[in-house]
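J.: Handing you a structure now.
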Amino acid sequence: VASAKPMLVFVTNGSSDFWKAAAAGVKKAQAELPDFDLSLKYPEQATAAAQQRLLDDLVTAGAKGIMISAVDPKTSTDMLDKIASQTALFTTDSDAPQTKRIAYIGSSNVLAGQQAGEIAKKAMPNGGECMGFVGLPGADNSKERVEGFKDGIKGTKIKLIDVRGDNMDQTAAKKNVADALVANPNITCMVGIYSYNTPQIYAALKEAGELGKITIVGFDDDPVTLGGVKEGTIAGTVVQQPFQWAYEGMKLMAAYVNGDKSGVPANHLIIVPTKIITKDNVDAYAADLKAMQG
Amino acid sequence: MNKKDLGLLLLILAVGAVVAVLNPRFLLPINISNTSNLVGLFGLSAIGQAFVIITGGIELSVGSMIALVGVLFVDFIASEGVPWPVALGLMLVLGVLVGLAHGFLITKVKLQPFVVTLCGLLIYRGVARFYTQDATAGFGFGQDFPLLDGLTTGKVYGVPASVIALAIVAGAMWVVLHRSVFGRYLYAVGKNEEAARYSGIRTDRIVISAYVICQVLTVLSAIYFAMYTRSIAPASHGNFYELYAIAAAVLGGFSLQGGEGSLIGVILGVILLQELQNLVNLLGIPSSLNFAVMGGVILIGVTMDQQWGAFMARRLRTRAARAGSTARPDVAKNSG
Amino acid sequence: MNKKDLGLLLLILAVGAVVAVLNPRFLLPINISNTSNLVGLFGLSAIGQAFVIITGGIELSVGSMIALVGVLFVDFIASEGVPWPVALGLMLVLGVLVGLAHGFLITKVKLQPFVVTLCGLLIYRGVARFYTQDATAGFGFGQDFPLLDGLTTGKVYGVPASVIALAIVAGAMWVVLHRSVFGRYLYAVGKNEEAARYSGIRTDRIVISAYVICQVLTVLSAIYFAMYTRSIAPASHGNFYELYAIAAAVLGGFSLQGGEGSLIGVILGVILLQELQNLVNLLGIPSSLNFAVMGGVILIGVTMDQQWGAFMARRLRTRAARAGSTARPDVAKNSG
Amino acid sequence: MQTARQPADPQAAPFLILEDIRKSYPGVLALDQFSMSVRPGEVIGIVGENGAGKSTLMKVFGGIVAPDSGTITIDGIARPALTVAESMAGGIAFVHQELNLFDNLDVAANVFIGREPRKGGWLNIVDTRKQRAMVAPLLKRIGANFAPDTPMLSLSLAQRQMVEIAKALSVKARLVILDEPTSSLPLAETDKLLDIIAGLKADGIAVIFISHRLHEIERAADRVVALRDGRLAGTLQKHEITHDRMVKLMIGRALKAQVAEAAPQPGPVMLKVRGVRTSAHPSKPVDLDLHRGEILGLAGLVGAGRTELACALFGVDPMLAGALEMDGVPLKLRSTAQAVERGIFLVPEDRKATGLVLDMSIVENISLPDLPAHSRLMMVSGQMEGEAARRQQGELDIRAARLTVATKSLSGGNQQKVVLAKWLAMAPKVMILDEPTRGIDVGAKAEIYRLMRRLAEAGVAVLMISSDMEEVIGVSDRIAVMHEGAISGILTPGDFSEENVLLLAVGKTASKRAAS
Ligand SMILES: Nc1ncnc2c1ncn2[C@@H]1O[C@H](COP(=O)(O)OP(=O)(O)OP(=O)(O)O)[C@@H](O)[C@H]1O
Ligand SMILES: Nc1ncnc2c1ncn2[C@@H]1O[C@H](COP(=O)(O)OP(=O)(O)OP(=O)(O)O)[C@@H](O)[C@H]1O
Ligand SMILES: [Mg+2]
Ligand SMILES: [Mg+2]
């Protein structure tokens, strides 16, 4: 049903819990922007093709502004430019600097990876062997986090010996952890690179009775991850702030559509830094999270 | 166009009318162009699937082949510097080889089509992922192939190139399927392979040809898909596309038992599926319901089709009974 | 255990031996326990699939049902505070209803099983995603259900609960399939439904029962999967699991034409598939090759099976011809 | 065969009555105003041309076909139609014309399908041991040479027909319906079947017996019911039953006496078969010469290996060993296509599975083997194939509403004619016919014999496999007899006799002088 209000859309790169916080951000922004029609859209599959058709359809439906986490920003220049020529386009999560996007709001996966490396460094002063777990090892976000992590542990005795993929299947994710314990008895640390990997590491180690003996470094803020951090069995986790991306992004976009371009910085980048969550600040973070989503 | 196809066409128009009323932007030329572009892309592989389904087979490796060909083609021309016509040629050869392999395993080694192509689904996806180590294959910034782009993503008077390609392929394949000797053999093999063999038909060759045609058309559609997305994530690109193709064929009146279906039917099936996807996005239906809408409409469509078929058969019989009760004219006529 | 099953068992042992040599840790009790746990999980749904395949049908909605049931079950007990036995009961009822619906559409409305269950695949996945608005359903940190956990993820003398469940289900289903009148009818319907109907068998009921059994076992496995991952992402949970189940059945000697296959076969099929997945991890093979390895081994397995079957059929026929020529000793023997 | 008991009491009340039955299919009225009744212990022979409606009538009895109108009364209860279960409960056992067996089960399971002996209480376990023990004597009774636990897959067509008969006998029936049970049974087995019918009758069980072999009806029936075009054409009582009267009722006129034409001089050898071994009898090589212009009859008992030989000569299955020579040129066949190219055609014995694409029309079936000839630039010409089909329809008198109806809607006999028409439209050099008149009515049979003769006269080498003794002796110029995969002897017209064929068929040598 066509709405009279200008439409602003936040398009994710797939459906994942990660975006729940962004949805909350959109909701909060909507409350403050009654003259706009804000929404958050998932492509039905996490593929470039599905996302592209969603964008085409949104433009057709008359979207005035789109904020997108492109499935594959590096190779989607043409598509993004096409969209940018028809509507106000912002990028988030992972940037596409070569396109005509108006601005990027988000954080850096490389930086997040480095922060994860710092957690590992602190937790294992004597070094150790790490195994990474991820959905798609070849995906950009995964590669950047791994790259950052390797950066972060450079010069220490910590080694990342392998990264196992599970094709976004949590059964396989858990099984990978169990198999890694069997295949590599020397492992002393595990890194959960996608948000669901850390809880699966936690569960598999718990069942194997290895919880607490192996250092777990996580990403994102799954409830189990935060619980583990609080419990002390997870050394720490690196969180991004999709709530902020969405909230600030939507407000910026609304202003931009209304003709106020002052919010866009010269370098077109608005970096919302990632945070390290450890036992010390986990309670505060959880409370924050609850407040934001509530 | 037979009655079944006509029914499907009416369904497409009816759905379109409803959507157009709810959101008039549905009828914008750009929207029709976008949607028909996707019809072109999916249509190419669906026609291939149709050939296989007519023989009573099934081709589950379509989605994986689309990923594999996409990865190889883009990598060849974007990174390896292979001229694109050469790369295209190589991909077509790959399609022929894969089709031959599937056909060989099915006819000579006598494996079930479902099994052979399921293994294909797993293997080609695995190879595609291994080839790029799960990385996305794509074009660098500003890397352009004007002629190739024009042929795949260009438009002629607003008509997307993929639609033109589909029209050409569909026209040719319509003749092959509904007019040629080979087409007749396909139907015969699909309905009763043994009887076809006992009629001196080289059934194995017919079946193998069907798989080769399917794979060649799949390669073609893979290239169109690759140029459309310009970015191929080997783990997810083309996932489930075989199911879309099969669903389109089934909606279009094909029987998975083989021996039934028309070319127009499968194209109408593709159009309906794409219309549904478009509708979900345009009407602001939560995208999580996308699949459910698609499944629901397919189910309703085939049920109506089935009930309609049963109804027609009943009517035919009743009418025959009435005709038969009068002095059996037909038999008399024909025995003379 | 028939010859075919024996061949598969030998293949499993041979692969195991090779892996054990390359990485002796393959034989660690913990690894065997881990792998057999997954055999239990996948085995439950594979047995269900087997019942449907014997009737000549196919059930493609397994993966989506695993997601839907997972989401509902976890949400009911973790968020809605429904006592878990009640939730379990509700899920089983859901399974029965879905099975009835599929069976009804297939036997009474006369839709093709592939089509009905393909729509199921789309619809249930859509409903699962819609239910949680694409959010993951999971337990809060530290949320425990000791009895449920014990029954699903616990171990008895190192044997995972899922393996015990599989053993019980498999035993019961073995009797049903290979010894009971119902099982006999399943085979009859799968081979020649018309003839079965002419023999006074209520074929529709048999087919519907098969789909109900399949869905009930799928629900059971869905609960085990849910408790194993403890977190259900509705868009991806259980994706392709129907293919695993079908692959296991096919490896185990089932024909998708129906009427063939044994319960031991399908379980051996599941074991082989899980062994392969384990092998990829233990030997450090890039996980992108996981699919390719699986596809390759299935292909080799069924090819060997087919060649073996053809050989046996030839021998059987030769022997039958020879037996027919001698003074009918078998008849005499058996009538005594 | 003669029993001491009385023939069925003609005064006994009928327990099964059909009244005014009508059944139509698209374009045909298969049954019209048909009434009949069945008394306990009587043997009713049903005759009629192909497509007269015999099988349809039986399907009404069996609850498989629901009539459009009319009533069926069993034991005084009238119904508009029966279900399979009601029919079974009424004591009706059925041997279908088209076999209804399960290849994935063994013989015993097939016999008892739907009525398994059970054990284990509510678990409903099949009592396999009991089942086998019950089947063994049945098989013995009908003279079957296979065990109850034989997999169905390993039986030949005729053996399957025996399983169907055993199935009907296993029911505690009051009426046994046999729809062309002998169509692929050779003589010895047929005799046994007639004995069985007599036995049933003696036990007070009624039998309905459909056959196109009228002499069998003559021997067995107490009463003959003749159908023509779906209507009752007449009834014959025991003393009225003669071959000619039956024919007259069936086709409405007398049939010209069949003149056995003098065998012409056979021409040179067309197809030389040397040392051919097939997988059914791998240790038995076959040597055979097919001459131009000759009809060579091939006789033998069930499972003698005739069909396998025919398939080998047509390139269906690769031969294990042996050589073929056609017109003096060695011939290697790797596919049926090669055989067809060389002019070797086969009319297979199982028309449902291999003879026809049942879902395709008559036209499409007839043009199938020679499609390129009915096309321009590899595009099929509907006009050309239609004309060819119309020509064949005229020649063979194929009865169908239209030539575009699916062949599955034709009666068995008319289907068989379509199979023949497929090949006759082309130019055969070697024509192999495997049970060409299986299920064909007398009129059409004569037609087919004439056709075979015409082919022979045109210089074709005809190989006719047949289990019908009359046919073998009446039509052949020479008779080769197979026994367990080997040719046990070749008879020339002077030695033609039932006795000689039978002796050779069981592996003995023929007596030189024919004893007729
Ligand atoms: N399923 C069907 N659909 C359409 N027509 C049918 C069907 N079954 C039978 N008929 C038609 O009904 C008529 C009677 O067929 P039926 O099989 O009863 O003949 P029949 O007397 O048994 O012949 P035959 O001796 O050749 O077996 C035929 O004209 C046939 O074409
Ligand atoms: N489809 C089959 N599968 C397995 N075995 C078969 C098959 N067909 C035939 N046989 C075997 O081959 C033997 C020879 O059968 P064939 O059909 O050639 O005999 P025939 O002389 O034509 O007799 P019939 O009158 O039975 O057709 C049979 O005894 C049977 O054991
Ligand atoms: Mg008949
Ligand atoms: Mg035979």
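Residues in the structure tokens are named by chain (A, B, ... in the order shown) and by number from 1 within that chain; ligands are numbered from 1 in the order shown.
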Residues near Gly154 in chain C, anyone? I mean within 12 Å using only C-alpha atoms, not counting same-chain ones fewer than 4 positions away, as a PyMOL selection string.
T.: (chain A and resi 207-208) or (chain C and resi 33-34+37+145-150+158-165+224+227-228)
J.: Any chance you could export the current selection's N, CA, C and O atoms as an mmCIF file, in the first residue's frame?
T.:
```
data_model
loop_
_atom_site.group_PDB
_atom_site.id
_atom_site.type_symbol
_atom_site.label_atom_id
_atom_site.label_comp_id
_atom_site.auth_asym_id
_atom_site.auth_seq_id
_atom_site.Cartn_x
_atom_site.Cartn_y
_atom_site.Cartn_z
ATOM 1 N N GLU A 207 29.804 -29.161 27.047
ATOM 2 C CA GLU A 207 29.508 -30.597 26.983
ATOM 3 C C GLU A 207 30.768 -31.426 27.077
ATOM 4 O O GLU A 207 30.752 -32.539 27.601
ATOM 5 N N ALA A 208 31.856 -30.916 26.526
ATOM 6 C CA ALA A 208 33.097 -31.689 26.561
ATOM 7 C C ALA A 208 33.835 -31.505 27.886
ATOM 8 O O ALA A 208 34.879 -32.114 28.092
ATOM 9 N N SER C 33 31.578 -40.795 19.996
ATOM 10 C CA SER C 33 30.365 -40.343 20.666
ATOM 11 C C SER C 33 29.782 -39.116 19.967
ATOM 12 O O SER C 33 28.580 -39.039 19.708
ATOM 13 N N ASN C 34 30.653 -38.157 19.626
ATOM 14 C CA ASN C 34 30.179 -36.945 18.937
ATOM 15 C C ASN C 34 29.512 -37.281 17.619
ATOM 16 O O ASN C 34 28.433 -36.788 17.299
ATOM 17 N N ASN C 37 26.295 -39.132 17.904
ATOM 18 C CA ASN C 37 25.216 -38.229 18.307
ATOM 19 C C ASN C 37 24.543 -37.623 17.077
ATOM 20 O O ASN C 37 23.317 -37.598 16.960
ATOM 21 N N PHE C 145 16.600 -27.071 31.366
ATOM 22 C CA PHE C 145 15.481 -27.985 31.566
ATOM 23 C C PHE C 145 16.104 -29.361 31.811
ATOM 24 O O PHE C 145 16.238 -30.141 30.879
ATOM 25 N N PRO C 146 16.515 -29.619 33.067
ATOM 26 C CA PRO C 146 17.391 -30.769 33.320
ATOM 27 C C PRO C 146 16.879 -32.070 32.694
ATOM 28 O O PRO C 146 17.615 -32.759 32.003
ATOM 29 N N LEU C 147 15.586 -32.382 32.877
ATOM 30 C CA LEU C 147 15.100 -33.653 32.366
ATOM 31 C C LEU C 147 15.149 -33.670 30.843
ATOM 32 O O LEU C 147 15.637 -34.605 30.215
ATOM 33 N N LEU C 148 14.645 -32.596 30.238
ATOM 34 C CA LEU C 148 14.653 -32.507 28.775
ATOM 35 C C LEU C 148 16.075 -32.570 28.241
ATOM 36 O O LEU C 148 16.374 -33.300 27.294
ATOM 37 N N ASP C 149 16.959 -31.813 28.889
ATOM 38 C CA ASP C 149 18.359 -31.848 28.458
ATOM 39 C C ASP C 149 18.916 -33.255 28.551
ATOM 40 O O ASP C 149 19.602 -33.731 27.656
ATOM 41 N N GLY C 150 18.591 -33.917 29.655
ATOM 42 C CA GLY C 150 19.102 -35.280 29.837
ATOM 43 C C GLY C 150 18.591 -36.203 28.750
ATOM 44 O O GLY C 150 19.337 -37.013 28.194
ATOM 45 N N GLY C 158 28.303 -42.957 28.322
ATOM 46 C CA GLY C 158 28.994 -42.433 27.139
ATOM 47 C C GLY C 158 28.192 -42.513 25.854
ATOM 48 O O GLY C 158 28.617 -42.020 24.822
ATOM 49 N N VAL C 159 27.014 -43.162 25.910
ATOM 50 C CA VAL C 159 26.199 -43.249 24.685
ATOM 51 C C VAL C 159 25.228 -42.062 24.667
ATOM 52 O O VAL C 159 24.433 -41.903 25.585
ATOM 53 N N PRO C 160 25.284 -41.231 23.610
ATOM 54 C CA PRO C 160 24.397 -40.070 23.569
ATOM 55 C C PRO C 160 22.925 -40.484 23.552
ATOM 56 O O PRO C 160 22.575 -41.514 22.977
ATOM 57 N N ALA C 161 22.107 -39.675 24.177
ATOM 58 C CA ALA C 161 20.675 -39.973 24.249
ATOM 59 C C ALA C 161 20.061 -40.106 22.862
ATOM 60 O O ALA C 161 19.171 -40.920 22.634
ATOM 61 N N SER C 162 20.575 -39.304 21.923
ATOM 62 C CA SER C 162 19.984 -39.344 20.578
ATOM 63 C C SER C 162 20.214 -40.709 19.936
ATOM 64 O O SER C 162 19.391 -41.190 19.166
ATOM 65 N N VAL C 163 21.345 -41.317 20.261
ATOM 66 C CA VAL C 163 21.625 -42.642 19.692
ATOM 67 C C VAL C 163 20.655 -43.664 20.288
ATOM 68 O O VAL C 163 20.141 -44.539 19.572
ATOM 69 N N ILE C 164 20.395 -43.515 21.573
ATOM 70 C CA ILE C 164 19.438 -44.435 22.195
ATOM 71 C C ILE C 164 18.059 -44.238 21.579
ATOM 72 O O ILE C 164 17.367 -45.203 21.230
ATOM 73 N N ALA C 165 17.687 -42.975 21.391
ATOM 74 C CA ALA C 165 16.385 -42.715 20.760
ATOM 75 C C ALA C 165 16.340 -43.324 19.370
ATOM 76 O O ALA C 165 15.358 -43.973 18.987
ATOM 77 N N TYR C 224 15.345 -32.798 18.879
ATOM 78 C CA TYR C 224 16.738 -33.135 19.193
ATOM 79 C C TYR C 224 17.691 -32.094 18.618
ATOM 80 O O TYR C 224 18.647 -31.680 19.272
ATOM 81 N N MET C 227 17.549 -28.904 20.684
ATOM 82 C CA MET C 227 18.250 -28.979 21.952
ATOM 83 C C MET C 227 19.755 -29.086 21.731
ATOM 84 O O MET C 227 20.536 -28.767 22.616
ATOM 85 N N TYR C 228 20.146 -29.544 20.562
ATOM 86 C CA TYR C 228 21.577 -29.639 20.268
ATOM 87 C C TYR C 228 22.151 -28.252 19.988
ATOM 88 O O TYR C 228 23.149 -27.855 20.592
#
```
J.: For chain A, report every residue with an atom at most 8 Å from chain B (counting only C-alpha atoms), formatted as an MDAnalysis selection string.
T.: chainID A and resid 1:2 41:44 46:49 52 54 56:58 60:61 72 74:77 79 98 136:140 167
J.: Let me see the file: selected residues, N, CA and C atoms, as a tab-separated table (two decimals), in the first residue's frame.
T.:
```tsv
chain	number	residue	atom	x	y	z
A	1	VAL	N	0.85	-1.20	0.00
A	1	VAL	CA	0.00	0.00	0.00
A	1	VAL	C	0.88	1.25	0.00
A	2	ALA	N	0.74	2.03	-1.00
A	2	ALA	CA	1.60	3.19	-1.13
A	2	ALA	C	1.30	4.19	-0.02
A	41	LYS	N	14.34	-3.86	6.05
A	41	LYS	CA	14.02	-4.99	5.15
A	41	LYS	C	15.14	-6.00	5.12
A	42	TYR	N	14.75	-7.26	5.21
A	42	TYR	CA	15.72	-8.34	4.98
A	42	TYR	C	15.52	-8.87	3.57
A	43	PRO	N	16.57	-9.10	2.80
A	43	PRO	CA	16.39	-9.85	1.55
A	43	PRO	C	16.05	-11.30	1.94
A	44	GLU	N	15.27	-12.00	1.11
A	44	GLU	CA	14.84	-13.33	1.57
A	44	GLU	C	15.99	-14.31	1.61
A	46	ALA	N	20.51	-14.38	1.74
A	46	ALA	CA	21.70	-13.55	1.89
A	46	ALA	C	22.54	-13.61	0.62
A	47	THR	N	21.94	-13.25	-0.50
A	47	THR	CA	22.69	-13.27	-1.74
A	47	THR	C	22.57	-11.92	-2.43
A	48	ALA	N	23.57	-11.66	-3.26
A	48	ALA	CA	23.58	-10.39	-3.99
A	48	ALA	C	22.35	-10.29	-4.88
A	49	ALA	N	21.96	-11.42	-5.48
A	49	ALA	CA	20.83	-11.38	-6.40
A	49	ALA	C	19.54	-11.01	-5.67
A	52	GLN	N	19.64	-7.38	-4.69
A	52	GLN	CA	19.51	-6.49	-5.83
A	52	GLN	C	18.06	-6.34	-6.24
A	54	LEU	N	15.52	-6.78	-4.34
A	54	LEU	CA	14.84	-6.05	-3.28
A	54	LEU	C	15.05	-4.54	-3.49
A	56	ASP	N	15.79	-2.95	-6.30
A	56	ASP	CA	15.03	-2.51	-7.48
A	56	ASP	C	13.57	-2.29	-7.10
A	57	ASP	N	13.03	-3.25	-6.37
A	57	ASP	CA	11.62	-3.15	-6.01
A	57	ASP	C	11.37	-1.98	-5.07
A	58	LEU	N	12.32	-1.71	-4.18
A	58	LEU	CA	12.14	-0.60	-3.24
A	58	LEU	C	12.16	0.73	-3.99
A	60	THR	N	11.35	1.12	-7.04
A	60	THR	CA	10.06	1.18	-7.73
A	60	THR	C	8.96	1.62	-6.78
A	61	ALA	N	9.01	1.11	-5.59
A	61	ALA	CA	7.97	1.44	-4.62
A	61	ALA	C	8.11	2.88	-4.12
A	72	ASP	N	27.77	-7.72	-0.83
A	72	ASP	CA	29.13	-7.78	-1.33
A	72	ASP	C	29.52	-6.45	-1.92
A	74	LYS	N	32.21	-4.75	-2.43
A	74	LYS	CA	33.36	-4.56	-3.32
A	74	LYS	C	32.98	-4.76	-4.77
A	75	THR	N	32.13	-5.74	-5.02
A	75	THR	CA	31.83	-6.08	-6.41
A	75	THR	C	30.46	-5.58	-6.84
A	76	SER	N	29.85	-4.79	-5.99
A	76	SER	CA	28.49	-4.35	-6.33
A	76	SER	C	28.45	-2.88	-6.72
A	77	THR	N	29.59	-2.35	-7.14
A	77	THR	CA	29.67	-0.93	-7.45
A	77	THR	C	28.56	-0.47	-8.40
A	79	MET	N	25.71	-1.82	-9.25
A	79	MET	CA	24.36	-1.90	-8.72
A	79	MET	C	24.11	-0.74	-7.76
A	98	GLN	N	33.95	3.26	-3.32
A	98	GLN	CA	34.08	3.67	-4.71
A	98	GLN	C	32.75	4.06	-5.35
A	136	LEU	N	31.04	-18.43	6.85
A	136	LEU	CA	31.62	-18.46	5.51
A	136	LEU	C	33.02	-17.87	5.57
A	137	PRO	N	34.03	-18.70	5.60
A	137	PRO	CA	35.39	-18.20	5.79
A	137	PRO	C	35.82	-17.24	4.68
A	138	GLY	N	35.21	-17.36	3.51
A	138	GLY	CA	35.66	-16.52	2.41
A	138	GLY	C	34.95	-15.19	2.33
A	139	ALA	N	33.90	-15.03	3.12
A	139	ALA	CA	33.14	-13.78	3.04
A	139	ALA	C	33.99	-12.61	3.55
A	140	ASP	N	33.73	-11.42	3.03
A	140	ASP	CA	34.56	-10.27	3.36
A	140	ASP	C	34.62	-10.00	4.85
A	167	ASN	N	29.06	-23.02	6.90
A	167	ASN	CA	28.02	-22.72	5.93
A	167	ASN	C	26.73	-22.24	6.60
```
J.: Just to confirm, what's the straight-line distance from CA of Lys140 in chain D to CA of Phe209 in chain D in Å (one decimal)?
T.: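 Separating CA of Lys140 in chain D from CA of Phe209 in chain D is a distance of 21.5 Å.
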J.: Within 9 Å of ligand 3 (counting only C-alpha atoms and all ligand atoms), which residues show up? I'd like them as a count of residues only.
T.: 19
J.: What is the Cα root-mean-square deviation, to one decimal place in Å, for chain B superposed on chain C with all Cα atoms matched in order?
T.: 1.6 Å
J.: Neighbours of ligand 4 at 8 Å or closer, counting only C-alpha atoms and all ligand atoms: which residues, as a short mmCIF file (atom, residue, chain, number, x, y, z; two decimals) with C-alpha atoms, in the first residue's frame?
T.:
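File produced: out_36.cif:
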```cif
data_model
loop_
_atom_site.label_atom_id
_atom_site.label_comp_id
_atom_site.auth_asym_id
_atom_site.auth_seq_id
_atom_site.Cartn_x
_atom_site.Cartn_y
_atom_site.Cartn_z
CA SER D 156 8.63 -64.98 -17.01
CA LEU D 157 5.31 -63.61 -18.19
CA ALA D 158 3.65 -67.01 -18.30
CA SER D 184 0.29 -66.65 -22.71
CA VAL D 302 6.91 -71.61 -20.35
CA GLY D 303 10.34 -70.13 -19.84
CA ALA D 304 11.91 -72.06 -22.68
CA GLY D 305 13.78 -68.92 -23.62
CA ARG D 306 11.94 -67.90 -26.76
CA THR D 307 11.33 -64.34 -25.70
CA GLU D 308 14.96 -63.94 -24.68
CA GLU D 349 4.86 -60.10 -26.04
CA ASP D 434 6.21 -62.84 -29.96
CA GLU D 435 2.76 -64.22 -29.19
CA ILE D 465 6.72 -67.30 -31.32
#
```
J.: Tell me, in Å to one decimal, how far CA of Ile53 in chain C is from CA of Leu105 in chain C.
T.: 16.5 Å
J.: Residues of chain B within 9 Å of chain C, counting only C-alpha atoms - could you list those as a PyMOL selection string?
T.: chain B and resi 105+109-112+114-116+118-130+133-134+235+243+246-247+250+255-257+286-299+302-303+306-307
J.: Go through D:Arg39, D:Lys417, D:Arg399, D:His281 and flag the residue nearest chain C, using only C-alpha atoms for the distances.
T.: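 Among the listed residues, the smallest separation from chain C belongs to D:His281.
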J.: Quick one, how far is CA of Ala254 in chain A from CA of Gly106 in chain A?
T.: 17.4 Å
J.: Met360 in chain D: which residues within 9 Å, counting only C-alpha atoms, same-chain residues fewer than 6 positions away excluded, as an MDAnalysis selection string?
T.: (chainID B and resid 187:188 191) or (chainID D and resid 404:408)
J.: Would you mind exporting all heavy atoms of the selected residues as a tab-separated table (two decimals), in the first residue's frame?
T.:
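The result, written out as selection03.tsv:
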```tsv
chain	number	residue	atom	x	y	z
B	187	TYR	N	9.03	-36.83	-25.64
B	187	TYR	CA	7.77	-37.18	-24.99
B	187	TYR	C	7.61	-38.70	-24.90
B	187	TYR	O	7.16	-39.22	-23.88
B	187	TYR	CB	6.58	-36.57	-25.75
B	187	TYR	CG	6.37	-35.11	-25.47
B	187	TYR	CD1	6.85	-34.14	-26.31
B	187	TYR	CD2	5.69	-34.71	-24.33
B	187	TYR	CE1	6.66	-32.79	-26.05
B	187	TYR	CE2	5.49	-33.36	-24.05
B	187	TYR	CZ	5.97	-32.40	-24.92
B	187	TYR	OH	5.79	-31.08	-24.64
B	188	ALA	N	7.97	-39.40	-26.00
B	188	ALA	CA	7.82	-40.86	-25.99
B	188	ALA	C	8.69	-41.47	-24.90
B	188	ALA	O	8.24	-42.34	-24.13
B	188	ALA	CB	8.19	-41.43	-27.36
B	191	LYS	N	7.24	-40.89	-21.48
B	191	LYS	CA	6.04	-41.65	-21.13
B	191	LYS	C	6.32	-43.12	-20.97
B	191	LYS	O	5.75	-43.79	-20.10
B	191	LYS	CB	4.99	-41.45	-22.20
B	191	LYS	CG	4.41	-40.05	-22.13
B	191	LYS	CD	3.03	-39.99	-22.72
B	191	LYS	CE	2.34	-38.74	-22.27
B	191	LYS	NZ	2.01	-37.85	-23.37
D	404	THR	N	-6.84	-40.17	-32.63
D	404	THR	CA	-6.04	-39.33	-31.73
D	404	THR	C	-6.29	-39.69	-30.26
D	404	THR	O	-5.76	-39.02	-29.38
D	404	THR	CB	-6.37	-37.84	-31.95
D	404	THR	OG1	-7.79	-37.70	-31.97
D	404	THR	CG2	-5.80	-37.35	-33.25
D	405	VAL	N	-7.07	-40.74	-30.01
D	405	VAL	CA	-7.25	-41.13	-28.60
D	405	VAL	C	-6.00	-41.86	-28.12
D	405	VAL	O	-5.26	-42.45	-28.91
D	405	VAL	CB	-8.48	-42.04	-28.39
D	405	VAL	CG1	-9.76	-41.33	-28.79
D	405	VAL	CG2	-8.32	-43.34	-29.16
D	406	ALA	N	-5.76	-41.79	-26.82
D	406	ALA	CA	-4.62	-42.49	-26.25
D	406	ALA	C	-4.83	-43.99	-26.40
D	406	ALA	O	-5.95	-44.49	-26.23
D	406	ALA	CB	-4.47	-42.13	-24.78
D	407	THR	N	-3.77	-44.72	-26.71
D	407	THR	CA	-3.92	-46.16	-26.94
D	407	THR	C	-4.34	-46.89	-25.67
D	407	THR	O	-4.84	-48.00	-25.74
D	407	THR	CB	-2.62	-46.78	-27.47
D	407	THR	OG1	-1.54	-46.27	-26.70
D	407	THR	CG2	-2.41	-46.45	-28.92
D	408	LYS	N	-4.14	-46.27	-24.51
D	408	LYS	CA	-4.52	-46.98	-23.29
D	408	LYS	C	-6.03	-47.16	-23.20
D	408	LYS	O	-6.52	-48.01	-22.46
D	408	LYS	CB	-3.98	-46.28	-22.06
D	408	LYS	CG	-4.67	-44.98	-21.74
D	408	LYS	CD	-4.17	-44.41	-20.43
D	408	LYS	CE	-4.61	-42.97	-20.31
D	408	LYS	NZ	-3.75	-42.16	-19.50
```
